[in-house]
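Enquirer: For reference, the structure I am asking about is given below.
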Amino acid sequence: MAEVKLHGRLLSPFVCRVIWALKLKGVPYEFVAEDLSNKSDLLLKYNPVHKKIPVLVHGGKPVCESMIILEYIEETWPQNPLMPNNPYDRALARFWIKFAEDKLVVAILKLFRSITGQELENAKKEILEILQTLEEHGLRERNFFNGDNIGLVDIAFGSMLYWMQVIGDVVGVKLFDSHKFPSLHTWFENFKQVPEIEENFPNRDEHLVYLKHRREQWVASD
């Protein structure tokens, strides 16, 4: 099998997505830690457009952007499928993945970058509306978005909900209330207990320290 390498940083939720998918597929890989304050020549070579992590390198060929990497993993290693077989269900999965990328990622970044109280309230309101949409329409009384088995939609949202919770701690707001979002909360607890996820979950304390520092830099530069 061609060599697989993953360039990234363990505290990145987007890198976590790729790690989780590789572990769920049982694909061996080498992790190449990147210092984003001093990006390696290889990272700049493999991702000259955005110069960002994660980058998956398979047989010397780079694939960039976390969800594109996940689709590549799914198509390259068909064992332990992470997308449904039915075309309609696959379309639904892609819809929710796009919802995660277009809505939730953007809203979480707004929360992190909020300076004024009004900005914080607006970002909080936006996230709560997104969570309510997921609570009402996403899971449809299933264990995972795919049904009984974990899939790409779960990985997309699981990484973002974790990231959202840590950023909420950083800015001093609680968003993911189990009473407001009981289905989502139960799903997230089930998600975290999947062995491949649990064994490769980010260190929350380290992530909190890192994001507090990044936010201080952001506020100071405003």
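Labels used: A, B, ... for chains in the order of the structure tokens, numbers from 1 for residues in each chain, and numbers from 1 for ligands as shown.
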Would you list the contacts of Lys103 (chain A) as an NGL selection string, taking every protein, DNA or RNA residue within 12 Å and counting only C-alpha atoms, but skipping same-chain residues closer than 2 positions in sequence?
Expert: :A and (95-101 or 105-110 or 123 or 126-131 or 133-134 or 157 or 160)
Enquirer: Compile the contact shell of Asn200 (chain A) as an MDAnalysis selection string: residues with an atom at most 10 Å away, counting only C-alpha atoms, same-chain residues fewer than 3 positions apart removed.
Expert: chainID A and resid 10 16 19:20 23 192 195:197 203
Enquirer: Output N, CA and C atoms for every residue in the selection just made, as a PDB file, in the first residue's frame.
Expert:
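Result file is result13.pdb:
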```
ATOM      1  N   LEU A  10      -2.271  18.569  16.229  1.00  0.00           N
ATOM      2  CA  LEU A  10      -3.230  17.735  16.938  1.00  0.00           C
ATOM      3  C   LEU A  10      -4.376  18.526  17.562  1.00  0.00           C
ATOM      4  N   CYS A  16      -8.334  16.681  13.391  1.00  0.00           N
ATOM      5  CA  CYS A  16      -8.992  15.580  14.114  1.00  0.00           C
ATOM      6  C   CYS A  16      -9.940  14.814  13.215  1.00  0.00           C
ATOM      7  N   ILE A  19      -7.860  12.350  11.266  1.00  0.00           N
ATOM      8  CA  ILE A  19      -7.360  11.283  12.138  1.00  0.00           C
ATOM      9  C   ILE A  19      -8.468  10.284  12.444  1.00  0.00           C
ATOM     10  N   TRP A  20      -9.633  10.791  12.798  1.00  0.00           N
ATOM     11  CA  TRP A  20     -10.756   9.909  13.131  1.00  0.00           C
ATOM     12  C   TRP A  20     -11.142   9.027  11.944  1.00  0.00           C
ATOM     13  N   LYS A  23      -8.526   6.318  11.390  1.00  0.00           N
ATOM     14  CA  LYS A  23      -8.624   5.298  12.435  1.00  0.00           C
ATOM     15  C   LYS A  23      -9.841   4.406  12.215  1.00  0.00           C
ATOM     16  N   LYS A 192     -18.617  10.400  21.160  1.00  0.00           N
ATOM     17  CA  LYS A 192     -17.342  10.436  21.882  1.00  0.00           C
ATOM     18  C   LYS A 192     -16.958   9.073  22.445  1.00  0.00           C
ATOM     19  N   PRO A 195     -14.796   3.924  20.113  1.00  0.00           N
ATOM     20  CA  PRO A 195     -13.390   3.748  20.517  1.00  0.00           C
ATOM     21  C   PRO A 195     -12.391   4.560  19.701  1.00  0.00           C
ATOM     22  N   GLU A 196     -12.555   4.587  18.379  1.00  0.00           N
ATOM     23  CA  GLU A 196     -11.597   5.310  17.537  1.00  0.00           C
ATOM     24  C   GLU A 196     -11.653   6.818  17.769  1.00  0.00           C
ATOM     25  N   ILE A 197     -12.817   7.307  18.209  1.00  0.00           N
ATOM     26  CA  ILE A 197     -12.946   8.732  18.531  1.00  0.00           C
ATOM     27  C   ILE A 197     -12.383   9.001  19.919  1.00  0.00           C
ATOM     28  N   ASN A 203      -6.843  16.943  23.536  1.00  0.00           N
ATOM     29  CA  ASN A 203      -6.681  17.284  24.942  1.00  0.00           C
ATOM     30  C   ASN A 203      -7.350  18.635  25.183  1.00  0.00           C
TER      31      ASN A 203
END
```
Enquirer: List the neighbours of Arg204 (chain A) out to 12 Å using only C-alpha atoms; skip same-chain residues closer than 4 positions along the sequence, and give me the result as a list in words.
Expert: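 Here the answer would be Leu10, Leu11, Ser12, Pro13, Tyr162, Trp163, Met164, Gln165, Val166, Ile167, Asp169, Val170, Asn200, Leu208, Val209, Tyr210 and Leu211 of chain A.
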Enquirer: Need to verify the contact set: Glu74 (chain A), 12 Å, only C-alpha atoms, exclusion of same-chain residues closer than 4 positions in sequence. Can you return it as a list in words?
Expert: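 That gives Val18, Ala21, Leu22, Leu24, Lys25, Gly26, Val27, Met67, Ile68, Ile69, Leu70, Pro78, Gln79, Asn80, Pro81, Leu82, Met83, Pro84, Asn85, Gly151 and Leu152 of chain A.
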Enquirer: What does the file look like for those residues with N, CA and C atoms, as an mmCIF file, in the first residue's frame?
Expert:
```
data_model
loop_
_atom_site.group_PDB
_atom_site.id
_atom_site.type_symbol
_atom_site.label_atom_id
_atom_site.label_comp_id
_atom_site.auth_asym_id
_atom_site.auth_seq_id
_atom_site.Cartn_x
_atom_site.Cartn_y
_atom_site.Cartn_z
ATOM 1 N N VAL A 18 -9.670 14.145 10.122
ATOM 2 C CA VAL A 18 -8.916 13.227 9.263
ATOM 3 C C VAL A 18 -8.375 12.054 10.081
ATOM 4 N N ALA A 21 -11.204 9.624 10.754
ATOM 5 C CA ALA A 21 -11.581 8.853 9.568
ATOM 6 C C ALA A 21 -10.548 7.765 9.267
ATOM 7 N N LEU A 22 -9.270 8.102 9.361
ATOM 8 C CA LEU A 22 -8.216 7.108 9.107
ATOM 9 C C LEU A 22 -8.286 5.972 10.132
ATOM 10 N N LEU A 24 -10.975 5.011 11.860
ATOM 11 C CA LEU A 24 -12.193 4.235 11.621
ATOM 12 C C LEU A 24 -12.029 3.295 10.428
ATOM 13 N N LYS A 25 -11.229 3.701 9.464
ATOM 14 C CA LYS A 25 -10.967 2.871 8.286
ATOM 15 C C LYS A 25 -9.854 1.849 8.521
ATOM 16 N N GLY A 26 -9.095 2.044 9.606
ATOM 17 C CA GLY A 26 -7.975 1.156 9.860
ATOM 18 C C GLY A 26 -6.803 1.381 8.925
ATOM 19 N N VAL A 27 -6.618 2.630 8.490
ATOM 20 C CA VAL A 27 -5.536 2.963 7.557
ATOM 21 C C VAL A 27 -4.314 3.439 8.342
ATOM 22 N N MET A 67 -12.753 18.168 4.634
ATOM 23 C CA MET A 67 -13.867 17.365 4.143
ATOM 24 C C MET A 67 -13.561 16.744 2.772
ATOM 25 N N ILE A 68 -12.749 17.401 1.980
ATOM 26 C CA ILE A 68 -12.310 16.809 0.708
ATOM 27 C C ILE A 68 -11.411 15.601 0.997
ATOM 28 N N ILE A 69 -10.560 15.737 2.012
ATOM 29 C CA ILE A 69 -9.714 14.618 2.427
ATOM 30 C C ILE A 69 -10.579 13.445 2.887
ATOM 31 N N LEU A 70 -11.628 13.738 3.649
ATOM 32 C CA LEU A 70 -12.505 12.666 4.129
ATOM 33 C C LEU A 70 -13.199 11.957 2.975
ATOM 34 N N PRO A 78 -12.518 1.498 0.805
ATOM 35 C CA PRO A 78 -13.961 1.235 0.921
ATOM 36 C C PRO A 78 -14.368 0.475 2.180
ATOM 37 N N GLN A 79 -13.407 -0.108 2.913
ATOM 38 C CA GLN A 79 -13.774 -0.853 4.119
ATOM 39 C C GLN A 79 -14.365 0.095 5.165
ATOM 40 N N ASN A 80 -15.243 -0.442 6.001
ATOM 41 C CA ASN A 80 -15.893 0.338 7.057
ATOM 42 C C ASN A 80 -16.467 1.646 6.497
ATOM 43 N N PRO A 81 -17.457 1.550 5.611
ATOM 44 C CA PRO A 81 -17.963 2.744 4.913
ATOM 45 C C PRO A 81 -18.488 3.812 5.861
ATOM 46 N N LEU A 82 -18.207 5.063 5.514
ATOM 47 C CA LEU A 82 -18.615 6.217 6.318
ATOM 48 C C LEU A 82 -19.688 7.045 5.623
ATOM 49 N N MET A 83 -20.149 6.565 4.461
ATOM 50 C CA MET A 83 -21.261 7.181 3.750
ATOM 51 C C MET A 83 -22.284 6.095 3.431
ATOM 52 N N PRO A 84 -23.580 6.441 3.391
ATOM 53 C CA PRO A 84 -24.600 5.428 3.088
ATOM 54 C C PRO A 84 -24.474 4.905 1.656
ATOM 55 N N ASN A 85 -25.012 3.727 1.412
ATOM 56 C CA ASN A 85 -25.011 3.159 0.067
ATOM 57 C C ASN A 85 -26.105 3.759 -0.809
ATOM 58 N N GLY A 151 -20.534 8.049 10.709
ATOM 59 C CA GLY A 151 -20.184 8.373 9.322
ATOM 60 C C GLY A 151 -19.557 9.757 9.205
ATOM 61 N N LEU A 152 -19.407 10.214 7.978
ATOM 62 C CA LEU A 152 -18.740 11.489 7.722
ATOM 63 C C LEU A 152 -19.500 12.667 8.315
#
```
Enquirer: Could you check which of A:Met1, A:Ala33, A:Ala156, A:Val171 is closest to Ser114 (chain A), using only C-alpha atoms?
Expert: A:Val171
Enquirer: Identify, on the basis of only C-alpha atoms, every residue whose closest approach to His7 (chain A) does not exceed 8 Å; exclude the query and any residue fewer than 2 positions from it along the same chain; express the result as a list in words.
Expert: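 What passes the distance filter is Lys5, Arg9, Phe31, Val32, Ala33, Glu34, Leu43, Ile53, Pro54, Val55, Leu56 and Val57 of chain A.
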Enquirer: Create the file for the chosen residues now, containing C-alpha atoms and written as a tab-separated table (two decimals), in the first residue's frame.
Expert:
```tsv
chain	number	residue	atom	x	y	z
A	5	LYS	CA	1.21	10.87	5.74
A	9	ARG	CA	-1.53	19.95	14.36
A	31	PHE	CA	1.66	12.02	11.44
A	32	VAL	CA	3.85	15.00	10.54
A	33	ALA	CA	3.45	17.76	13.14
A	34	GLU	CA	3.41	21.26	11.68
A	43	LEU	CA	3.52	22.05	3.83
A	53	ILE	CA	-3.47	22.12	7.49
A	54	PRO	CA	-4.56	19.38	7.23
A	55	VAL	CA	-2.83	17.91	4.20
A	56	LEU	CA	-3.02	14.17	3.47
A	57	VAL	CA	-0.21	12.84	1.31
```
Enquirer: Just list as a count of residues only whatever in region 36-176 of chain A DSSP marks as alpha helix (DSSP H).
Expert: 80
Enquirer: Between A:Glu71, A:Ser40, A:Ile115, A:Lys52, which has the minimum distance to Ala220 (chain A) (counting only C-alpha atoms)?
Expert: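 Of A:Glu71, A:Ser40, A:Ile115, A:Lys52, the one nearest Ala220 (chain A), counting only C-alpha atoms, is A:Ile115.
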Enquirer: From a DSSP pass on the backbone, collect the residues of region 38-113 of chain A flagged as strand (DSSP E) and hand them back as a list of chain:residue names.
Expert: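 Of region 38-113 of chain A, the ones in strand (DSSP E) are A:Val55, A:Leu56, A:Val57, A:His58, A:Lys61, A:Pro62, A:Val63, A:Cys64.
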Enquirer: For C-alpha atoms, I'd like the residues from the last selection saved as a CSV table (one decimal), in the first residue's frame.
Expert:
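As a result, again37.csv now contains:
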```
chain,number,residue,atom,x,y,z
A,55,VAL,CA,-2.8,17.9,4.2
A,56,LEU,CA,-3.0,14.2,3.5
A,57,VAL,CA,-0.2,12.8,1.3
A,58,HIS,CA,-0.9,9.5,-0.3
A,61,LYS,CA,0.2,13.1,-3.9
A,62,PRO,CA,-1.3,15.8,-1.6
A,63,VAL,CA,-5.0,16.2,-0.8
A,64,CYS,CA,-6.1,19.4,1.0
```
